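Structure file target.cif (mmCIF, C-alpha atoms) is printed below.
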data_input
#
loop_
_atom_site.group_PDB
_atom_site.id
_atom_site.type_symbol
_atom_site.label_atom_id
_atom_site.label_comp_id
_atom_site.auth_asym_id
_atom_site.auth_seq_id
_atom_site.Cartn_x
_atom_site.Cartn_y
_atom_site.Cartn_z
ATOM 1 C CA MET A 24 208.355 -137.315 -95.907
ATOM 2 C CA HIS A 25 208.733 -133.564 -95.833
ATOM 3 C CA GLU A 26 211.749 -132.075 -94.073
ATOM 4 C CA ALA A 27 210.883 -130.733 -90.600
ATOM 5 C CA HIS A 28 211.976 -127.208 -89.686
ATOM 6 C CA PRO A 29 211.813 -125.432 -86.317
ATOM 7 C CA ALA A 30 209.279 -122.627 -85.874
ATOM 8 C CA PHE A 31 210.848 -119.207 -86.487
ATOM 9 C CA GLN A 32 211.452 -118.355 -82.810
ATOM 10 C CA TYR A 33 213.614 -121.472 -82.244
ATOM 11 C CA ALA A 34 217.175 -122.127 -83.385
ATOM 12 C CA THR A 35 216.811 -125.920 -83.596
ATOM 13 C CA LEU A 36 214.123 -128.633 -83.439
ATOM 14 C CA PRO A 37 215.496 -130.122 -80.170
ATOM 15 C CA GLN A 38 215.196 -126.667 -78.582
ATOM 16 C CA GLN A 39 211.596 -126.447 -79.808
ATOM 17 C CA HIS A 40 210.848 -129.904 -78.342
ATOM 18 C CA ASP A 41 212.314 -128.962 -74.973
ATOM 19 C CA ALA A 42 210.197 -125.801 -74.885
ATOM 20 C CA ALA A 43 207.047 -127.776 -75.753
ATOM 21 C CA GLN A 44 207.731 -130.383 -73.087
ATOM 22 C CA LEU A 45 208.604 -127.814 -70.397
ATOM 23 C CA GLY A 46 205.337 -126.057 -71.244
ATOM 24 C CA MET A 47 203.361 -129.273 -70.822
ATOM 25 C CA TRP A 48 205.099 -130.130 -67.540
ATOM 26 C CA THR A 49 204.308 -126.616 -66.264
ATOM 27 C CA PHE A 50 200.645 -127.151 -67.137
ATOM 28 C CA LEU A 51 200.732 -130.579 -65.471
ATOM 29 C CA ALA A 52 202.165 -128.970 -62.300
ATOM 30 C CA THR A 53 199.014 -126.829 -62.115
ATOM 31 C CA GLU A 54 196.965 -129.998 -62.647
ATOM 32 C CA VAL A 55 198.826 -131.764 -59.816
ATOM 33 C CA LEU A 56 197.787 -128.936 -57.510
ATOM 34 C CA PHE A 57 194.232 -128.906 -58.909
ATOM 35 C CA PHE A 58 193.595 -132.595 -58.192
ATOM 36 C CA GLY A 59 195.993 -132.521 -55.220
ATOM 37 C CA GLY A 60 193.908 -129.854 -53.475
ATOM 38 C CA LEU A 61 190.807 -132.035 -53.784
ATOM 39 C CA ILE A 62 192.729 -135.043 -52.486
ATOM 40 C CA VAL A 63 194.019 -133.065 -49.479
ATOM 41 C CA GLY A 64 190.367 -132.251 -48.704
ATOM 42 C CA TYR A 65 189.621 -135.980 -48.911
ATOM 43 C CA PHE A 66 192.394 -136.773 -46.408
ATOM 44 C CA VAL A 67 191.198 -134.095 -43.973
ATOM 45 C CA TYR A 68 187.718 -135.644 -43.836
ATOM 46 C CA ARG A 69 188.997 -139.211 -43.913
ATOM 47 C CA PHE A 70 191.043 -138.273 -40.838
ATOM 48 C CA GLY A 71 187.893 -136.809 -39.274
ATOM 49 C CA TYR A 72 185.509 -139.660 -40.205
ATOM 50 C CA PRO A 73 187.579 -142.829 -40.667
ATOM 51 C CA ALA A 74 184.731 -145.305 -40.024
ATOM 52 C CA ASP A 75 182.311 -143.396 -42.278
ATOM 53 C CA PHE A 76 184.846 -143.360 -45.124
ATOM 54 C CA ALA A 77 185.396 -147.118 -44.766
ATOM 55 C CA ALA A 78 181.620 -147.725 -44.858
ATOM 56 C CA ALA A 79 181.256 -145.464 -47.905
ATOM 57 C CA GLY A 80 184.226 -147.047 -49.677
ATOM 58 C CA ARG A 81 182.572 -150.469 -49.393
ATOM 59 C CA HIS A 82 179.636 -149.110 -51.444
ATOM 60 C CA THR A 83 181.823 -148.278 -54.466
ATOM 61 C CA LYS A 84 181.945 -150.750 -57.365
ATOM 62 C CA ILE A 85 185.442 -152.197 -57.062
ATOM 63 C CA ALA A 86 185.049 -154.594 -60.025
ATOM 64 C CA ILE A 87 184.263 -151.728 -62.403
ATOM 65 C CA GLY A 88 186.972 -149.591 -60.781
ATOM 66 C CA ALA A 89 189.610 -152.324 -61.185
ATOM 67 C CA ILE A 90 188.679 -153.055 -64.818
ATOM 68 C CA ASN A 91 188.719 -149.333 -65.598
ATOM 69 C CA THR A 92 192.156 -148.981 -63.987
ATOM 70 C CA GLY A 93 193.424 -151.843 -66.158
ATOM 71 C CA PHE A 94 191.974 -150.172 -69.258
ATOM 72 C CA LEU A 95 193.578 -146.793 -68.480
ATOM 73 C CA LEU A 96 196.977 -148.360 -67.692
ATOM 74 C CA THR A 97 196.770 -150.315 -70.952
ATOM 75 C CA SER A 98 195.776 -147.273 -72.987
ATOM 76 C CA SER A 99 198.753 -145.411 -71.485
ATOM 77 C CA PHE A 100 200.961 -148.320 -72.556
ATOM 78 C CA LEU A 101 199.555 -148.092 -76.107
ATOM 79 C CA VAL A 102 200.240 -144.331 -76.223
ATOM 80 C CA ALA A 103 203.836 -144.827 -75.006
ATOM 81 C CA TRP A 104 204.239 -147.474 -77.732
ATOM 82 C CA ALA A 105 202.710 -145.125 -80.329
ATOM 83 C CA VAL A 106 205.249 -142.397 -79.461
ATOM 84 C CA THR A 107 208.159 -144.789 -80.056
ATOM 85 C CA ALA A 108 206.546 -145.998 -83.320
ATOM 86 C CA ALA A 109 206.109 -142.406 -84.532
ATOM 87 C CA LYS A 110 209.811 -141.735 -83.925
ATOM 88 C CA LEU A 111 210.591 -144.719 -86.199
ATOM 89 C CA ASP A 112 208.537 -143.139 -89.013
ATOM 90 C CA LEU A 113 205.820 -145.780 -88.491
ATOM 91 C CA GLY A 114 202.989 -143.258 -88.733
ATOM 92 C CA ARG A 115 200.261 -145.773 -89.579
ATOM 93 C CA VAL A 116 201.213 -148.072 -86.691
ATOM 94 C CA ALA A 117 201.247 -145.089 -84.330
ATOM 95 C CA ALA A 118 197.819 -143.997 -85.603
ATOM 96 C CA TRP A 119 196.295 -147.441 -84.986
ATOM 97 C CA LEU A 120 197.784 -147.633 -81.498
ATOM 98 C CA LEU A 121 196.349 -144.214 -80.679
ATOM 99 C CA VAL A 122 192.929 -145.254 -81.982
ATOM 100 C CA LEU A 123 193.067 -148.384 -79.782
ATOM 101 C CA ALA A 124 194.058 -146.243 -76.782
ATOM 102 C CA THR A 125 191.140 -143.906 -77.549
ATOM 103 C CA LEU A 126 188.789 -146.881 -77.701
ATOM 104 C CA LEU A 127 189.907 -148.036 -74.228
ATOM 105 C CA GLY A 128 189.419 -144.490 -72.941
ATOM 106 C CA ALA A 129 185.906 -144.440 -74.391
ATOM 107 C CA ILE A 130 185.074 -147.783 -72.727
ATOM 108 C CA PHE A 131 186.374 -146.277 -69.473
ATOM 109 C CA LEU A 132 183.843 -143.449 -69.779
ATOM 110 C CA VAL A 133 180.971 -145.825 -70.629
ATOM 111 C CA LEU A 134 181.726 -148.016 -67.594
ATOM 112 C CA LYS A 135 182.046 -144.891 -65.427
ATOM 113 C CA GLY A 136 178.606 -143.780 -66.602
ATOM 114 C CA TYR A 137 177.166 -147.222 -65.817
ATOM 115 C CA GLU A 138 178.702 -146.959 -62.341
ATOM 116 C CA TYR A 139 177.074 -143.539 -61.813
ATOM 117 C CA LEU A 140 173.730 -145.032 -62.859
ATOM 118 C CA GLN A 141 174.050 -147.839 -60.299
ATOM 119 C CA GLU A 142 174.975 -145.330 -57.587
ATOM 120 C CA PHE A 143 171.946 -143.258 -58.530
ATOM 121 C CA HIS A 144 169.709 -146.315 -58.074
ATOM 122 C CA GLU A 145 171.378 -147.055 -54.729
ATOM 123 C CA ARG A 146 170.593 -143.496 -53.556
ATOM 124 C CA LEU A 147 174.207 -142.447 -53.166
ATOM 125 C CA VAL A 148 174.057 -139.116 -55.038
ATOM 126 C CA PRO A 149 174.490 -136.150 -52.622
ATOM 127 C CA GLY A 150 171.999 -133.349 -53.108
ATOM 128 C CA ARG A 151 169.786 -135.565 -55.226
ATOM 129 C CA ASN A 152 168.695 -138.737 -53.426
ATOM 130 C CA PHE A 153 171.333 -139.445 -50.763
ATOM 131 C CA GLN A 154 170.415 -142.087 -48.177
ATOM 132 C CA PHE A 155 172.894 -143.873 -45.919
ATOM 133 C CA ASP A 156 172.728 -145.677 -42.577
ATOM 134 C CA ALA A 157 172.463 -143.004 -39.915
ATOM 135 C CA ALA A 158 175.616 -143.968 -37.978
ATOM 136 C CA HIS A 159 177.870 -143.238 -40.981
ATOM 137 C CA ALA A 160 175.778 -140.782 -43.005
ATOM 138 C CA ARG A 161 177.766 -137.616 -42.221
ATOM 139 C CA GLY A 162 181.176 -138.801 -43.375
ATOM 140 C CA ALA A 163 179.701 -140.911 -46.187
ATOM 141 C CA LEU A 164 177.999 -137.800 -47.573
ATOM 142 C CA LEU A 165 181.402 -136.043 -47.679
ATOM 143 C CA PHE A 166 182.962 -139.128 -49.280
ATOM 144 C CA PHE A 167 180.408 -139.227 -52.074
ATOM 145 C CA MET A 168 180.614 -135.459 -52.640
ATOM 146 C CA PHE A 169 184.347 -135.923 -53.161
ATOM 147 C CA TYR A 170 183.714 -139.014 -55.270
ATOM 148 C CA PHE A 171 181.359 -137.349 -57.754
ATOM 149 C CA ALA A 172 183.327 -134.101 -57.951
ATOM 150 C CA VAL A 173 186.715 -135.685 -58.507
ATOM 151 C CA THR A 174 185.665 -138.557 -60.800
ATOM 152 C CA GLY A 175 183.544 -136.100 -62.807
ATOM 153 C CA LEU A 176 186.518 -133.758 -63.264
ATOM 154 C CA HIS A 177 188.705 -136.736 -64.130
ATOM 155 C CA ALA A 178 186.155 -137.962 -66.690
ATOM 156 C CA LEU A 179 186.223 -134.485 -68.262
ATOM 157 C CA HIS A 180 190.006 -134.799 -68.560
ATOM 158 C CA VAL A 181 189.604 -138.234 -70.163
ATOM 159 C CA ALA A 182 187.050 -136.855 -72.646
ATOM 160 C CA ILE A 183 189.411 -134.017 -73.641
ATOM 161 C CA GLY A 184 192.224 -136.572 -73.939
ATOM 162 C CA LEU A 185 190.155 -138.688 -76.347
ATOM 163 C CA ILE A 186 189.719 -135.702 -78.686
ATOM 164 C CA VAL A 187 193.435 -134.865 -78.478
ATOM 165 C CA LEU A 188 194.496 -138.477 -79.147
ATOM 166 C CA LEU A 189 192.208 -138.757 -82.192
ATOM 167 C CA ALA A 190 193.529 -135.478 -83.619
ATOM 168 C CA ILE A 191 197.122 -136.669 -83.110
ATOM 169 C CA ALA A 192 196.250 -140.066 -84.641
ATOM 170 C CA ALA A 193 194.982 -138.342 -87.804
ATOM 171 C CA ARG A 194 198.256 -136.368 -88.084
ATOM 172 C CA ALA A 195 200.342 -139.475 -87.396
ATOM 173 C CA ARG A 196 198.513 -141.368 -90.143
ATOM 174 C CA GLN A 197 199.576 -138.637 -92.602
ATOM 175 C CA GLY A 198 203.190 -139.240 -91.581
ATOM 176 C CA ALA A 199 203.565 -135.890 -89.819
ATOM 177 C CA TYR A 200 205.918 -137.221 -87.119
ATOM 178 C CA SER A 201 209.461 -138.556 -87.309
ATOM 179 C CA LEU A 202 212.632 -138.910 -85.268
ATOM 180 C CA GLN A 203 213.338 -135.228 -85.977
ATOM 181 C CA TYR A 204 209.812 -133.915 -85.365
ATOM 182 C CA HIS A 205 207.549 -135.517 -82.749
ATOM 183 C CA ALA A 206 206.803 -132.825 -80.153
ATOM 184 C CA PRO A 207 202.961 -132.888 -80.591
ATOM 185 C CA ILE A 208 202.593 -136.651 -80.107
ATOM 186 C CA THR A 209 205.065 -136.637 -77.179
ATOM 187 C CA VAL A 210 203.287 -133.757 -75.430
ATOM 188 C CA ALA A 211 199.825 -135.272 -76.009
ATOM 189 C CA GLY A 212 201.212 -138.503 -74.537
ATOM 190 C CA LEU A 213 202.396 -136.654 -71.412
ATOM 191 C CA TYR A 214 198.861 -135.352 -70.884
ATOM 192 C CA TRP A 215 197.319 -138.809 -71.311
ATOM 193 C CA HIS A 216 199.811 -140.431 -68.916
ATOM 194 C CA PHE A 217 199.055 -137.726 -66.358
ATOM 195 C CA VAL A 218 195.318 -138.495 -66.558
ATOM 196 C CA ASP A 219 196.348 -142.104 -65.864
ATOM 197 C CA VAL A 220 198.414 -141.074 -62.809
ATOM 198 C CA VAL A 221 195.467 -139.150 -61.362
ATOM 199 C CA TRP A 222 193.280 -142.240 -61.743
ATOM 200 C CA VAL A 223 195.884 -144.448 -60.016
ATOM 201 C CA PHE A 224 195.504 -142.293 -56.896
ATOM 202 C CA LEU A 225 191.733 -141.995 -57.181
ATOM 203 C CA PHE A 226 191.450 -145.778 -57.431
ATOM 204 C CA ALA A 227 193.408 -146.209 -54.182
ATOM 205 C CA LEU A 228 191.394 -143.538 -52.349
ATOM 206 C CA ILE A 229 187.901 -144.369 -53.606
ATOM 207 C CA TYR A 230 187.670 -148.133 -54.115
ATOM 208 C CA LEU A 231 190.077 -149.580 -51.544
ATOM 209 C CA PRO A 232 188.974 -148.087 -48.163
ATOM 210 C CA GLY A 233 187.063 -150.445 -45.888
ATOM 211 C CA ARG A 234 187.640 -153.588 -47.958
ATOM 212 C CA SER A 235 189.293 -155.506 -45.118
ATOM 213 C CA GLY A 236 186.089 -155.528 -43.048
ATOM 214 C CA GLU A 237 186.367 -153.004 -40.187
ATOM 215 C CA MET B 15 209.604 -156.516 -85.999
ATOM 216 C CA SER B 16 210.577 -152.858 -85.845
ATOM 217 C CA TRP B 17 207.035 -151.878 -84.850
ATOM 218 C CA ALA B 18 206.985 -154.141 -81.764
ATOM 219 C CA PRO B 19 206.760 -152.296 -78.419
ATOM 220 C CA PRO B 20 210.124 -151.537 -76.778
ATOM 221 C CA ARG B 21 210.993 -154.000 -74.019
ATOM 222 C CA ARG B 22 211.050 -151.411 -71.244
ATOM 223 C CA VAL B 23 207.558 -150.174 -72.149
ATOM 224 C CA LEU B 24 206.224 -153.741 -72.183
ATOM 225 C CA ILE B 25 207.830 -154.538 -68.814
ATOM 226 C CA ALA B 26 206.452 -151.308 -67.320
ATOM 227 C CA TRP B 27 202.943 -152.265 -68.477
ATOM 228 C CA ALA B 28 203.219 -155.751 -66.955
ATOM 229 C CA ALA B 29 204.560 -154.266 -63.707
ATOM 230 C CA LEU B 30 201.672 -151.777 -63.532
ATOM 231 C CA LEU B 31 199.049 -154.514 -63.951
ATOM 232 C CA ALA B 32 200.856 -156.690 -61.366
ATOM 233 C CA LEU B 33 200.845 -153.761 -58.903
ATOM 234 C CA LEU B 34 197.130 -153.235 -59.567
ATOM 235 C CA GLY B 35 196.444 -156.875 -58.663
ATOM 236 C CA THR B 36 198.681 -156.601 -55.587
ATOM 237 C CA THR B 37 196.992 -153.466 -54.258
ATOM 238 C CA ILE B 38 193.512 -155.012 -54.636
ATOM 239 C CA PHE B 39 194.611 -158.243 -52.904
ATOM 240 C CA LEU B 40 196.251 -156.365 -49.998
ATOM 241 C CA ALA B 41 193.223 -154.073 -49.565
ATOM 242 C CA TYR B 42 191.202 -157.130 -48.476
ATOM 243 C CA GLN B 43 193.738 -158.161 -45.801
ATOM 244 C CA PRO B 44 192.927 -156.818 -42.302
ATOM 245 C CA LEU B 45 196.051 -154.734 -41.690
ATOM 246 C CA GLY B 46 194.498 -151.760 -39.893
ATOM 247 C CA ASN B 47 196.118 -148.430 -40.721
ATOM 248 C CA PHE B 48 198.674 -150.189 -42.908
ATOM 249 C CA ASN B 49 195.977 -150.743 -45.545
ATOM 250 C CA LEU B 50 196.021 -147.031 -46.440
ATOM 251 C CA ALA B 51 199.821 -146.765 -46.213
ATOM 252 C CA ILE B 52 200.261 -149.765 -48.530
ATOM 253 C CA ALA B 53 197.665 -148.494 -51.021
ATOM 254 C CA LEU B 54 199.435 -145.107 -51.188
ATOM 255 C CA CYS B 55 202.901 -146.647 -51.516
ATOM 256 C CA ILE B 56 201.711 -148.819 -54.409
ATOM 257 C CA ALA B 57 200.046 -145.802 -56.057
ATOM 258 C CA MET B 58 203.342 -143.902 -55.769
ATOM 259 C CA ALA B 59 205.276 -146.863 -57.212
ATOM 260 C CA LYS B 60 202.874 -146.948 -60.184
ATOM 261 C CA THR B 61 203.293 -143.184 -60.622
ATOM 262 C CA LEU B 62 207.090 -143.490 -60.661
ATOM 263 C CA ILE B 63 206.904 -146.245 -63.307
ATOM 264 C CA ILE B 64 204.537 -144.194 -65.477
ATOM 265 C CA MET B 65 206.658 -141.042 -65.140
ATOM 266 C CA ALA B 66 210.019 -142.761 -65.653
ATOM 267 C CA VAL B 67 209.100 -145.053 -68.562
ATOM 268 C CA PHE B 68 205.857 -143.942 -70.235
ATOM 269 C CA MET B 69 206.614 -140.219 -69.821
ATOM 270 C CA GLU B 70 210.289 -140.930 -70.652
ATOM 271 C CA LEU B 71 211.614 -138.843 -67.755
ATOM 272 C CA ARG B 72 214.560 -141.251 -67.297
ATOM 273 C CA GLU B 73 215.867 -140.025 -70.656
ATOM 274 C CA ARG B 74 215.346 -136.338 -69.865
ATOM 275 C CA SER B 75 217.597 -133.604 -68.465
ATOM 276 C CA GLY B 76 217.662 -132.493 -64.835
ATOM 277 C CA LEU B 77 215.807 -129.325 -65.799
ATOM 278 C CA MET B 78 212.877 -131.336 -67.201
ATOM 279 C CA ILE B 79 212.757 -133.543 -64.101
ATOM 280 C CA ALA B 80 212.747 -130.415 -61.908
ATOM 281 C CA PHE B 81 209.729 -129.100 -63.846
ATOM 282 C CA ALA B 82 208.006 -132.478 -63.470
ATOM 283 C CA ALA B 83 208.723 -132.594 -59.727
ATOM 284 C CA ALA B 84 207.711 -128.975 -59.027
ATOM 285 C CA GLY B 85 203.960 -129.661 -58.798
ATOM 286 C CA PHE B 86 204.512 -132.554 -56.388
ATOM 287 C CA PHE B 87 206.880 -130.404 -54.296
ATOM 288 C CA TRP B 88 204.258 -127.667 -53.884
ATOM 289 C CA LEU B 89 201.610 -130.303 -53.193
ATOM 290 C CA SER B 90 203.760 -131.714 -50.391
ATOM 291 C CA ILE B 91 203.841 -128.232 -48.795
ATOM 292 C CA LEU B 92 200.037 -128.116 -49.019
ATOM 293 C CA VAL B 93 199.741 -131.574 -47.423
ATOM 294 C CA TRP B 94 202.241 -130.689 -44.709
ATOM 295 C CA LEU B 95 200.703 -127.366 -43.630
ATOM 296 C CA SER B 96 197.090 -128.592 -43.906
ATOM 297 C CA GLY B 97 198.072 -131.699 -41.960
ATOM 298 C CA THR B 98 199.641 -129.783 -39.070
ATOM 299 C CA ASP B 99 196.455 -127.726 -38.839
ATOM 300 C CA PHE B 100 193.858 -130.490 -38.761
ATOM 301 C CA VAL B 101 195.879 -133.042 -36.784
ATOM 302 C CA THR B 102 196.514 -130.567 -33.941
ATOM 303 C CA ARG B 103 192.961 -129.247 -33.557
ATOM 304 C CA PRO B 104 191.486 -130.110 -30.139
ATOM 305 C CA GLN B 105 188.152 -131.005 -31.749
ATOM 306 C CA PHE B 106 187.987 -132.293 -35.316
ATOM 307 C CA PRO B 107 185.530 -132.882 -36.845
ATOM 308 C CA PRO B 108 183.445 -130.282 -34.952
ATOM 309 C CA HIS B 109 180.303 -131.447 -33.136
ATOM 310 C CA LEU B 110 177.149 -130.027 -34.673
#

Could you render the structure from this file as structure tokens?
Amino acid sequence: MHEAHPAFQYATLPQQHDAAQLGMWTFLATEVLFFGGLIVGYFVYRFGYPADFAAAGRHTKIAIGAINTGFLLTSSFLVAWAVTAAKLDLGRVAAWLLVLATLLGAIFLVLKGYEYLQEFHERLVPGRNFQFDAAHARGALLFFMFYFAVTGLHALHVAIGLIVLLAIAARARQGAYSLQYHAPITVAGLYWHFVDVVWVFLFALIYLPGRSGE
Amino acid sequence: MSWAPPRRVLIAWAALLALLGTTIFLAYQPLGNFNLAIALCIAMAKTLIIMAVFMELRERSGLMIAFAAAGFFWLSILVWLSGTDFVTRPQFPPHL
């Protein structure tokens, strides 16, 4: 275990950690507004076309959506566990937990791709082959535009997260993190948990409308 | 077992999965407009658990929590002002 020192512009390691975390939270604030803006657009059109959004929501694959939500929540749990393990100098445990979390994230993307394929076959892709019953077509088109845009952007965030987690896992395996020095794994964890939070809201807005019949 | 997951992290995980099951079950109950309200409340509860436990905000200073809350504060302004616009329009969506 090498002794950790703060970078030259910081007086102490805790100060360096606070700066790193404040930086990540500032970035996440911009991400909240990025996804939040899209979600506000969703609410505007859901308010305008409530019946169409319910009809469109019933066409989403709730089984895949629910399983994927479980996988993302679990991978977030594994990352939170990995951060605590890294602080206990358990670098190899942390690395394995991060690899497991990455695996769940990868399965999430595969299932998402399978879902896209099914929606393509059901002619639900706007601008490509969109067909919907005429009474609800206008709002459903807006719903599926939102759906593909926002889940696509979310999937991009997941893909970036997978690369970050693997890079952090490699460093953790070498014993780079400890109780004194753990800013990179903590900050990477914040990003991954945020991607999870975004999905929690997307799940509620995409898969749940219209399930009660009406 | 020093490598075992901390209790609070384990409990948070179980609570998140329980909330996921709850929100799916309630989505199938015919509750009218309450379906959306319940789904959003459960999503917010999940978010608070993730932020407090997984993101360790409960152990952080007020300054850090203010940074974490800032994005949501600005988003609430966006929701509020957009909402007052669209809800008060005489004709929305427009007829084409």

Q) Any idea what's packed within 8 Å of A:Gly198, counting all atoms listed in the file, ignoring anything in its chain fewer than 5 positions away? Could you give it as a PyMOL selection string? A) chain A and resi 24+112-115

**Q.** Residue list for chain B near chain A as a ChimeraX atom specification, 7 Å, all atoms listed in the file
**A.** /B:17,19,23,27,31,41-44,53-54,57,61,64,68-69,78,81-82,84-86,89,93,100,106-107

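Here the question is which of B:Gln105, B:Ile63, B:Cys55, B:Leu50 gets nearest to B:Ala28 using all atoms listed in the file, and that residue is B:Ile63.
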
Q: Compute the distance from (203.4, -152.6, -61.1) to each atom, counting only C-alpha atoms, keep the residues with any atom at most 6 Å away, and return them as a list in words; use the coordinates of the file.
A: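 Residues close enough to count: Ala29, Leu30, Leu31, Ala32, Leu33 and Lys60 of chain B.
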
Q: Give me, please, the distance in Å between atom CA of A:Ile183 and atom CA of A:Ala199, quoted to one decimal.
A: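 Atom CA of A:Ala199 lies 21.6 Å from atom CA of A:Ile183.
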
List the neighbours of A:Arg161 out to 10 Å using only C-alpha atoms; skip same-chain residues closer than 6 positions along the sequence, and give me the result as a PDB file with C-alpha atoms, keeping the file's coordinate frame.
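Contents of the output file part19.pdb:
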ATOM      1  CA  TYR A  72     185.509-139.660 -40.205  1.00  0.00           C
ATOM      2  CA  ASP A  75     182.311-143.396 -42.278  1.00  0.00           C
ATOM      3  CA  PHE A  76     184.846-143.360 -45.124  1.00  0.00           C
ATOM      4  CA  PHE A 155     172.894-143.873 -45.919  1.00  0.00           C
TER       5      PHE A 155
END

(Q) So, with only C-alpha atoms as the atoms that count, which of B:Ser16, B:Ala66, B:Ser96, B:Ala26 lies closest to B:Ile79? (A)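 Looking only at the distances to B:Ile79, the closest residue turns out to be B:Ala66.
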
Q: Take atom CA of B:Gly97 and atom CA of B:Ala51 and report the distance between them in Å, one decimal.
A: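 Distance reported for this atom pair: 15.8 Å.
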
Q: Output the residue selection produced by the PyMOL selection byres ((chain A and resi 174) around 12) on the file above, formatted as a ChimeraX atom specification.
A: /A:58,61-62,88,131-132,135-136,138-139,166-173,175-181,218,221-226,228-230

Q. Could you work out how far atom CA of A:Ala34 lies from atom CA of B:Ala83, giving the answer in Å with one decimal?
A.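 Between atom CA of B:Ala83 and atom CA of A:Ala34 the gap works out to 27.2 Å.
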
Q) Which residue gives the smallest distance to B:Ala18 among A:Leu120, A:Ala77, A:Val187, A:Val133, with all atoms listed in the file counted? A)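 So, comparing all the options, the nearest one is A:Leu120.
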
Q) Which of these, B:Ile52, B:Leu92, B:Leu77, B:Ile25, has the shortest distance to B:Leu40 once you count all atoms listed in the file? A) B:Ile52

Report the centre and edge lengths, in Å to one decimal, of an axis-aligned box enclosing every atom of stretch 141-145 of chain A listed in the file, padded by 8 Å on each side, as AutoDock Vina command-line options.
--center_x 172.3 --center_y -145.5 --center_z -57.5 --size_x 21.3 --size_y 20.6 --size_z 21.6

Would you fill the gaps in stretch 36-50 of chain A so it has N, CA and C atoms, then print it as a compact mmCIF listing (two decimals), in the frame of the given file?
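The result, stored in out.txt:
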# COMPACT_ATOMS: atom_id res chain seq x y z
N LEU A 36 215.28 -127.82 -83.81
CA LEU A 36 214.12 -128.63 -83.44
C LEU A 36 214.22 -129.17 -82.01
N PRO A 37 215.41 -129.67 -81.57
CA PRO A 37 215.50 -130.12 -80.17
C PRO A 37 215.13 -129.02 -79.17
N GLN A 38 215.54 -127.77 -79.48
CA GLN A 38 215.20 -126.67 -78.58
C GLN A 38 213.68 -126.47 -78.55
N GLN A 39 213.05 -126.59 -79.73
CA GLN A 39 211.60 -126.45 -79.81
C GLN A 39 210.90 -127.55 -79.01
N HIS A 40 211.43 -128.78 -79.10
CA HIS A 40 210.85 -129.90 -78.34
C HIS A 40 210.96 -129.69 -76.85
N ASP A 41 212.13 -129.21 -76.40
CA ASP A 41 212.31 -128.96 -74.97
C ASP A 41 211.33 -127.91 -74.49
N ALA A 42 211.13 -126.86 -75.28
CA ALA A 42 210.20 -125.80 -74.89
C ALA A 42 208.78 -126.37 -74.78
N ALA A 43 208.40 -127.20 -75.77
CA ALA A 43 207.05 -127.78 -75.75
C ALA A 43 206.86 -128.66 -74.52
N GLN A 44 207.87 -129.47 -74.23
CA GLN A 44 207.73 -130.38 -73.09
C GLN A 44 207.73 -129.63 -71.77
N LEU A 45 208.60 -128.60 -71.64
CA LEU A 45 208.60 -127.81 -70.40
C LEU A 45 207.25 -127.14 -70.22
N GLY A 46 206.66 -126.68 -71.32
CA GLY A 46 205.34 -126.06 -71.24
C GLY A 46 204.31 -127.05 -70.74
N MET A 47 204.34 -128.28 -71.26
CA MET A 47 203.36 -129.27 -70.82
C MET A 47 203.57 -129.65 -69.36
N TRP A 48 204.83 -129.80 -68.95
CA TRP A 48 205.10 -130.13 -67.54
C TRP A 48 204.64 -129.00 -66.62
N THR A 49 204.78 -127.74 -67.08
CA THR A 49 204.31 -126.62 -66.26
C THR A 49 202.79 -126.69 -66.10
N PHE A 50 202.09 -126.98 -67.21
CA PHE A 50 200.64 -127.15 -67.14
C PHE A 50 200.29 -128.31 -66.21
